[in-house]
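Below is my_file32.txt, which holds compact mmCIF, N, CA and C atoms.
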# COMPACT_ATOMS: atom_id res chain seq x y z
N MET A 51 66.59 107.58 111.40
CA MET A 51 65.49 108.14 112.15
C MET A 51 65.40 109.64 111.87
N GLN A 52 64.19 110.11 111.64
CA GLN A 52 63.98 111.52 111.34
C GLN A 52 63.59 112.26 112.61
N ALA A 53 64.18 113.43 112.80
CA ALA A 53 63.84 114.27 113.95
C ALA A 53 62.41 114.78 113.80
N LEU A 54 61.82 115.15 114.92
CA LEU A 54 60.47 115.73 114.89
C LEU A 54 60.51 117.09 114.22
N ASN A 55 59.52 117.36 113.39
CA ASN A 55 59.43 118.65 112.72
C ASN A 55 58.93 119.70 113.70
N ASP A 56 59.46 120.90 113.57
CA ASP A 56 59.00 122.02 114.39
C ASP A 56 57.62 122.44 113.88
N PRO A 57 56.60 122.38 114.73
CA PRO A 57 55.24 122.73 114.28
C PRO A 57 55.13 124.18 113.81
N ARG A 58 55.98 125.08 114.32
CA ARG A 58 55.96 126.47 113.86
C ARG A 58 56.41 126.56 112.40
N VAL A 59 57.40 125.76 112.04
CA VAL A 59 57.89 125.75 110.66
C VAL A 59 56.83 125.12 109.75
N GLU A 60 56.27 124.01 110.19
CA GLU A 60 55.21 123.35 109.41
C GLU A 60 54.06 124.31 109.13
N ALA A 61 53.62 125.02 110.15
CA ALA A 61 52.50 125.96 109.99
C ALA A 61 52.86 127.11 109.06
N ALA A 62 54.06 127.66 109.22
CA ALA A 62 54.47 128.79 108.38
C ALA A 62 54.50 128.39 106.90
N VAL A 63 55.05 127.22 106.61
CA VAL A 63 55.13 126.75 105.23
C VAL A 63 53.73 126.52 104.66
N ALA A 64 52.90 125.81 105.38
CA ALA A 64 51.54 125.53 104.90
C ALA A 64 50.76 126.83 104.70
N ASP A 65 50.88 127.75 105.65
CA ASP A 65 50.14 129.01 105.55
C ASP A 65 50.63 129.89 104.43
N TYR A 66 51.92 129.83 104.13
CA TYR A 66 52.48 130.60 103.02
C TYR A 66 51.75 130.24 101.71
N PHE A 67 51.67 128.96 101.42
CA PHE A 67 51.04 128.51 100.18
C PHE A 67 49.53 128.71 100.22
N ARG A 68 48.91 128.46 101.36
CA ARG A 68 47.46 128.62 101.49
C ARG A 68 47.04 130.06 101.27
N THR A 69 47.76 131.02 101.87
CA THR A 69 47.36 132.42 101.76
C THR A 69 47.59 132.99 100.36
N VAL A 70 48.63 132.53 99.67
CA VAL A 70 48.83 132.97 98.29
C VAL A 70 47.67 132.46 97.42
N SER A 71 47.35 131.19 97.54
CA SER A 71 46.28 130.61 96.74
C SER A 71 44.93 131.26 97.03
N ALA A 72 44.72 131.65 98.30
CA ALA A 72 43.46 132.28 98.70
C ALA A 72 43.45 133.78 98.40
N ARG A 73 44.60 134.31 97.95
CA ARG A 73 44.75 135.75 97.71
C ARG A 73 44.43 136.55 98.96
N ASP A 74 44.88 136.05 100.09
CA ASP A 74 44.66 136.70 101.38
C ASP A 74 45.92 137.47 101.76
N LYS A 75 46.03 138.66 101.22
CA LYS A 75 47.24 139.47 101.37
C LYS A 75 47.57 139.76 102.84
N SER A 76 46.60 140.17 103.62
CA SER A 76 46.90 140.53 105.01
C SER A 76 47.36 139.32 105.81
N ALA A 77 46.76 138.16 105.59
CA ALA A 77 47.19 136.95 106.30
C ALA A 77 48.58 136.53 105.83
N TRP A 78 48.87 136.69 104.53
CA TRP A 78 50.19 136.35 104.00
C TRP A 78 51.26 137.25 104.61
N ILE A 79 51.02 138.55 104.62
CA ILE A 79 52.00 139.49 105.18
C ILE A 79 52.22 139.22 106.67
N ALA A 80 51.18 138.82 107.38
CA ALA A 80 51.29 138.54 108.82
C ALA A 80 52.20 137.35 109.12
N LEU A 81 52.51 136.53 108.12
CA LEU A 81 53.38 135.37 108.32
C LEU A 81 54.84 135.75 108.50
N PHE A 82 55.22 136.98 108.14
CA PHE A 82 56.62 137.36 108.05
C PHE A 82 57.11 138.19 109.22
N ASP A 83 58.38 137.98 109.55
CA ASP A 83 59.11 138.85 110.46
C ASP A 83 59.22 140.21 109.78
N LYS A 84 59.24 141.29 110.55
CA LYS A 84 59.27 142.63 109.93
C LYS A 84 60.55 142.90 109.14
N ALA A 85 61.60 142.13 109.39
CA ALA A 85 62.86 142.30 108.64
C ALA A 85 63.07 141.17 107.63
N ALA A 86 62.00 140.51 107.23
CA ALA A 86 62.11 139.38 106.32
C ALA A 86 62.76 139.77 104.99
N VAL A 87 63.45 138.79 104.41
CA VAL A 87 64.08 138.97 103.09
C VAL A 87 63.56 137.86 102.18
N LEU A 88 63.04 138.26 101.03
CA LEU A 88 62.50 137.30 100.07
C LEU A 88 63.29 137.37 98.78
N HIS A 89 63.72 136.23 98.32
CA HIS A 89 64.37 136.08 97.02
C HIS A 89 63.33 135.37 96.15
N GLU A 90 62.48 136.16 95.51
CA GLU A 90 61.31 135.64 94.82
C GLU A 90 61.31 136.09 93.38
N PRO A 91 61.98 135.39 92.50
CA PRO A 91 62.77 134.18 92.69
C PRO A 91 64.23 134.53 92.98
N VAL A 92 65.01 133.49 93.28
CA VAL A 92 66.44 133.66 93.46
C VAL A 92 67.00 134.26 92.17
N GLY A 93 67.86 135.25 92.33
CA GLY A 93 68.43 135.95 91.17
C GLY A 93 67.82 137.32 90.98
N ALA A 94 66.58 137.49 91.46
CA ALA A 94 65.96 138.81 91.43
C ALA A 94 66.49 139.63 92.61
N THR A 95 66.32 140.92 92.55
CA THR A 95 66.71 141.77 93.67
C THR A 95 65.95 141.32 94.91
N PRO A 96 66.64 141.06 96.02
CA PRO A 96 65.94 140.62 97.24
C PRO A 96 64.92 141.67 97.69
N ALA A 97 63.77 141.22 98.11
CA ALA A 97 62.72 142.08 98.64
C ALA A 97 62.84 142.07 100.15
N GLU A 98 62.84 143.26 100.76
CA GLU A 98 63.05 143.35 102.20
C GLU A 98 61.95 144.16 102.86
N GLY A 99 61.56 143.73 104.07
CA GLY A 99 60.60 144.48 104.87
C GLY A 99 59.22 144.56 104.23
N ARG A 100 58.40 145.44 104.78
CA ARG A 100 57.01 145.58 104.34
C ARG A 100 56.91 145.97 102.87
N GLU A 101 57.75 146.92 102.44
CA GLU A 101 57.73 147.34 101.03
C GLU A 101 58.07 146.16 100.12
N GLY A 102 59.04 145.38 100.51
CA GLY A 102 59.41 144.21 99.73
C GLY A 102 58.29 143.19 99.65
N LEU A 103 57.58 143.00 100.77
CA LEU A 103 56.45 142.07 100.77
C LEU A 103 55.37 142.54 99.80
N GLU A 104 55.13 143.84 99.78
CA GLU A 104 54.14 144.40 98.84
C GLU A 104 54.55 144.12 97.40
N GLN A 105 55.83 144.26 97.10
CA GLN A 105 56.33 144.01 95.74
C GLN A 105 56.16 142.54 95.36
N VAL A 106 56.50 141.65 96.28
CA VAL A 106 56.36 140.21 95.99
C VAL A 106 54.89 139.86 95.83
N TRP A 107 54.02 140.45 96.63
CA TRP A 107 52.59 140.17 96.50
C TRP A 107 52.12 140.51 95.08
N GLN A 108 52.65 141.59 94.50
CA GLN A 108 52.29 141.96 93.14
C GLN A 108 52.77 140.92 92.12
N VAL A 109 53.91 140.29 92.38
CA VAL A 109 54.39 139.21 91.51
C VAL A 109 53.38 138.07 91.50
N PHE A 110 52.79 137.79 92.68
CA PHE A 110 51.84 136.68 92.81
C PHE A 110 50.45 137.02 92.29
N THR A 111 50.05 138.28 92.34
CA THR A 111 48.67 138.61 92.02
C THR A 111 48.50 139.50 90.80
N GLY A 112 49.48 140.34 90.52
CA GLY A 112 49.36 141.30 89.41
C GLY A 112 49.06 140.66 88.07
N PRO A 113 49.88 139.72 87.62
CA PRO A 113 49.67 139.18 86.27
C PRO A 113 48.67 138.02 86.19
N PHE A 114 48.16 137.57 87.31
CA PHE A 114 47.33 136.36 87.31
C PHE A 114 45.89 136.66 87.72
N ALA A 115 44.93 136.10 86.97
CA ALA A 115 43.54 136.13 87.41
C ALA A 115 43.38 135.14 88.57
N THR A 116 44.06 133.99 88.46
CA THR A 116 44.10 133.01 89.55
C THR A 116 45.50 132.44 89.64
N LEU A 117 45.88 132.06 90.84
CA LEU A 117 47.14 131.36 91.09
C LEU A 117 46.90 130.40 92.24
N THR A 118 47.03 129.13 91.96
CA THR A 118 46.83 128.11 92.98
C THR A 118 48.11 127.32 93.14
N LEU A 119 48.64 127.31 94.36
CA LEU A 119 49.87 126.59 94.67
C LEU A 119 49.54 125.34 95.47
N ARG A 120 50.19 124.24 95.13
CA ARG A 120 50.00 122.98 95.85
C ARG A 120 51.36 122.48 96.32
N ILE A 121 51.46 122.17 97.58
CA ILE A 121 52.70 121.60 98.12
C ILE A 121 52.77 120.14 97.71
N ASP A 122 53.85 119.76 97.03
CA ASP A 122 54.04 118.38 96.61
C ASP A 122 54.85 117.59 97.63
N GLU A 123 55.84 118.25 98.23
CA GLU A 123 56.72 117.56 99.19
C GLU A 123 57.47 118.62 99.98
N VAL A 124 57.67 118.37 101.29
CA VAL A 124 58.41 119.30 102.14
C VAL A 124 59.47 118.52 102.90
N PHE A 125 60.65 119.11 102.96
CA PHE A 125 61.76 118.57 103.73
C PHE A 125 62.07 119.57 104.84
N TYR A 126 61.98 119.10 106.09
CA TYR A 126 62.19 119.96 107.25
C TYR A 126 63.55 119.70 107.87
N SER A 127 64.15 120.76 108.40
CA SER A 127 65.39 120.63 109.14
C SER A 127 65.53 121.83 110.06
N GLY A 128 65.53 121.59 111.35
CA GLY A 128 65.68 122.67 112.32
C GLY A 128 64.62 123.74 112.12
N SER A 129 65.09 124.98 111.92
CA SER A 129 64.17 126.12 111.77
C SER A 129 63.84 126.41 110.32
N GLY A 130 64.10 125.45 109.44
CA GLY A 130 63.85 125.68 108.03
C GLY A 130 63.17 124.54 107.34
N ALA A 131 62.84 124.79 106.09
CA ALA A 131 62.19 123.76 105.27
C ALA A 131 62.40 124.11 103.81
N ALA A 132 62.37 123.08 102.97
CA ALA A 132 62.39 123.24 101.53
C ALA A 132 61.15 122.54 100.99
N ALA A 133 60.36 123.29 100.22
CA ALA A 133 59.11 122.74 99.70
C ALA A 133 59.17 122.68 98.17
N ARG A 134 58.85 121.51 97.66
CA ARG A 134 58.67 121.34 96.21
C ARG A 134 57.19 121.52 95.97
N TRP A 135 56.84 122.37 95.00
CA TRP A 135 55.45 122.71 94.79
C TRP A 135 55.10 122.75 93.29
N SER A 136 53.82 122.73 93.03
CA SER A 136 53.33 122.89 91.67
C SER A 136 52.22 123.95 91.70
N ALA A 137 52.01 124.58 90.57
CA ALA A 137 51.05 125.68 90.52
C ALA A 137 50.26 125.65 89.22
N LYS A 138 49.10 126.25 89.29
CA LYS A 138 48.28 126.51 88.12
C LYS A 138 47.95 128.00 88.17
N ALA A 139 48.12 128.65 87.03
CA ALA A 139 47.82 130.08 86.95
C ALA A 139 46.97 130.34 85.72
N SER A 140 46.14 131.36 85.81
CA SER A 140 45.36 131.78 84.65
C SER A 140 45.48 133.29 84.49
N ALA A 141 45.37 133.72 83.26
CA ALA A 141 45.40 135.14 82.93
C ALA A 141 43.95 135.64 82.83
N THR A 142 43.80 136.94 82.81
CA THR A 142 42.47 137.54 82.72
C THR A 142 41.70 137.04 81.50
N GLY A 143 42.39 136.82 80.39
CA GLY A 143 41.75 136.36 79.17
C GLY A 143 41.34 134.89 79.19
N GLY A 144 41.68 134.17 80.26
CA GLY A 144 41.28 132.79 80.38
C GLY A 144 42.37 131.78 80.08
N ARG A 145 43.46 132.20 79.47
CA ARG A 145 44.57 131.28 79.19
C ARG A 145 45.18 130.81 80.50
N SER A 146 45.56 129.54 80.58
CA SER A 146 46.13 129.02 81.83
C SER A 146 47.39 128.21 81.55
N THR A 147 48.14 127.99 82.60
CA THR A 147 49.36 127.20 82.50
C THR A 147 49.68 126.58 83.85
N GLY A 148 50.49 125.55 83.82
CA GLY A 148 51.00 124.94 85.03
C GLY A 148 52.50 125.11 85.09
N PHE A 149 53.05 125.16 86.29
CA PHE A 149 54.49 125.28 86.48
C PHE A 149 54.83 124.79 87.87
N SER A 150 56.12 124.70 88.16
CA SER A 150 56.52 124.18 89.46
C SER A 150 57.79 124.88 89.93
N GLY A 151 58.13 124.64 91.19
CA GLY A 151 59.33 125.25 91.75
C GLY A 151 59.66 124.67 93.11
N ILE A 152 60.67 125.25 93.70
CA ILE A 152 61.11 124.87 95.04
C ILE A 152 61.29 126.15 95.84
N THR A 153 60.79 126.17 97.06
CA THR A 153 60.95 127.32 97.93
C THR A 153 61.58 126.86 99.24
N VAL A 154 62.61 127.60 99.67
CA VAL A 154 63.32 127.31 100.91
C VAL A 154 62.96 128.40 101.91
N PHE A 155 62.62 127.99 103.13
CA PHE A 155 62.18 128.90 104.18
C PHE A 155 63.10 128.82 105.39
N GLU A 156 63.28 129.94 106.07
CA GLU A 156 63.85 129.99 107.42
C GLU A 156 62.83 130.70 108.28
N VAL A 157 62.56 130.14 109.45
CA VAL A 157 61.51 130.64 110.33
C VAL A 157 62.12 130.96 111.70
N ASP A 158 61.69 132.07 112.32
CA ASP A 158 62.24 132.44 113.62
C ASP A 158 61.54 131.68 114.76
N ASP A 159 61.97 131.93 115.98
CA ASP A 159 61.43 131.21 117.15
C ASP A 159 59.95 131.50 117.40
N ASP A 160 59.45 132.62 116.85
CA ASP A 160 58.04 132.97 117.00
C ASP A 160 57.17 132.41 115.88
N GLY A 161 57.79 131.66 114.95
CA GLY A 161 57.04 131.09 113.84
C GLY A 161 56.86 132.04 112.67
N ARG A 162 57.56 133.16 112.68
CA ARG A 162 57.49 134.12 111.58
C ARG A 162 58.56 133.78 110.53
N ILE A 163 58.21 133.92 109.28
CA ILE A 163 59.15 133.64 108.20
C ILE A 163 60.18 134.76 108.13
N GLN A 164 61.46 134.37 108.15
CA GLN A 164 62.57 135.33 108.07
C GLN A 164 63.12 135.43 106.65
N THR A 165 63.25 134.29 106.00
CA THR A 165 63.86 134.24 104.67
C THR A 165 63.09 133.29 103.77
N VAL A 166 62.92 133.72 102.52
CA VAL A 166 62.32 132.88 101.49
C VAL A 166 63.26 132.92 100.29
N MET A 167 63.57 131.75 99.76
CA MET A 167 64.36 131.65 98.53
C MET A 167 63.62 130.70 97.60
N SER A 168 63.05 131.26 96.52
CA SER A 168 62.24 130.46 95.60
C SER A 168 62.96 130.27 94.28
N TYR A 169 62.83 129.07 93.77
CA TYR A 169 63.44 128.69 92.49
C TYR A 169 62.32 128.36 91.52
N TRP A 170 62.04 129.32 90.63
CA TRP A 170 61.06 129.16 89.56
C TRP A 170 61.30 130.27 88.56
N ASP A 171 60.65 130.23 87.41
CA ASP A 171 60.90 131.19 86.35
C ASP A 171 59.63 131.97 86.01
N PRO A 172 59.40 133.10 86.68
CA PRO A 172 58.19 133.87 86.41
C PRO A 172 58.09 134.34 84.95
N ALA A 173 59.21 134.67 84.33
CA ALA A 173 59.17 135.13 82.93
C ALA A 173 58.59 134.06 82.02
N ALA A 174 59.01 132.82 82.20
CA ALA A 174 58.49 131.73 81.37
C ALA A 174 56.98 131.56 81.58
N VAL A 175 56.52 131.73 82.81
CA VAL A 175 55.09 131.60 83.10
C VAL A 175 54.32 132.72 82.39
N LEU A 176 54.83 133.93 82.48
CA LEU A 176 54.15 135.07 81.84
C LEU A 176 54.13 134.93 80.33
N ILE A 177 55.20 134.44 79.75
CA ILE A 177 55.25 134.21 78.30
C ILE A 177 54.20 133.18 77.91
N GLU A 178 54.10 132.12 78.67
CA GLU A 178 53.11 131.08 78.39
C GLU A 178 51.70 131.65 78.47
N LEU A 179 51.44 132.46 79.48
CA LEU A 179 50.10 133.02 79.63
C LEU A 179 49.78 134.05 78.54
N ALA A 180 50.80 134.68 78.00
CA ALA A 180 50.60 135.68 76.96
C ALA A 180 50.36 135.06 75.58
N GLY A 181 50.73 133.83 75.41
CA GLY A 181 50.53 133.23 74.09
C GLY A 181 51.12 131.87 73.99
N GLY A 182 52.33 131.71 74.51
CA GLY A 182 52.97 130.40 74.56
C GLY A 182 53.00 129.70 73.23
N ASP A 183 52.95 128.37 73.29
CA ASP A 183 53.01 127.52 72.11
C ASP A 183 51.67 127.47 71.42
N GLU A 184 51.68 127.49 70.12
CA GLU A 184 50.47 127.39 69.32
C GLU A 184 49.75 126.06 69.55
N GLU A 185 50.50 125.02 69.91
CA GLU A 185 49.92 123.68 70.12
C GLU A 185 48.93 123.67 71.26
N ASP A 186 49.07 124.59 72.23
CA ASP A 186 48.18 124.60 73.39
C ASP A 186 46.80 125.16 73.07
N GLU A 187 46.67 125.84 71.95
CA GLU A 187 45.39 126.48 71.66
C GLU A 187 44.43 125.57 70.98
Write out the structure in this file as structure tokens.
Amino acid sequence: MQALNDPRVEAAVADYFRTVSARDKSAWIALFDKAAVLHEPVGATPAEGREGLEQVWQVFTGPFATLTLRIDEVFYSGSGAAARWSAKASATGGRSTGFSGITVFEVDDDGRIQTVMSYWDPAAVLIELAGGDEEDE
């Protein structure tokens, strides 16, 4: 038997992906606790607080003309969740690519995101958008 999901966690996860895809920076930033820590992706220097959120937002919007994230599956537990997702991104020149990852969230009692740990390879995505394999052209 599965426990009931916390609606605050469900909303935070859904809104995280929705606001990135919509490029709604102010709504995305509003999802986070003021002391939030983002590992975007895991292995990169953790981004903390408002300045860190601004830096992560640039990862999502700077190199992409469009970025659309789709939640494929979410696993909830207590105040957290792990989401498997897929994405489509395009560069200014029109080249596009698809990629996927997993993001783990911890949410506070007020429904604000405290921690994000994402597993994906931004460098590989940027390389693909810059030229990638000749077969794709």
**OP:** Mind listing the strand (DSSP E or B) residues of segment 93-183 of chain A, per DSSP on the backbone, as a PyMOL selection string?
**Re:** chain A and resi 94+97-98+116-127+130-140+146-157+163-169
**OP:** May I have the residues within 6.5 Å of segment 121-136 of chain A as a VMD selection string, using all atoms listed in the file and disregarding those fewer than 6 positions away in the same chain?
**Re:** chain A and resid 55 to 56 59 149 to 158
Original post:
To one decimal place, how far is atom N of Val87 of chain A from atom C of Arg162 of chain A in Å?
Top reply: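 Value for the atom N of Val87 of chain A-atom C of Arg162 of chain A distance: 9.3 Å.
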Original post:
Of the candidates A:Asp65, A:Glu90, A:Asp74, A:Glu178, which one gets nearest to Val109 of chain A if we count all atoms listed in the file?
Top reply: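 Distance minimum relative to Val109 of chain A lands on A:Glu90.
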Original post:
So which bits of chain A end up helix (DSSP H, G or I) when you DSSP the backbone, as an NGL selection string?
Top reply: :A and (57-71 or 75-79 or 99-111 or 172-180 or 184-186)
Original post:
Which polymer residues have any atom within 9 Å of an atom of Gly161 of chain A, counting only C-alpha atoms, with same-chain residues fewer than 4 positions away left out, as JSON, numbers by chain?
Top reply: {"A": [57, 58, 59, 61, 62, 81, 82, 83, 129, 157]}
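Of the listed residues (A:Arg100, A:Lys75, A:Lys84, A:Lys138), A:Lys138 comes nearest to Leu119 of chain A; the distances count only N, CA and C atoms.
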Original post:
What does the distance from atom C of Trp78 of chain A to atom C of Val106 of chain A come to in Å, to one decimal?
Top reply: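 A separation of 9.9 Å between them.
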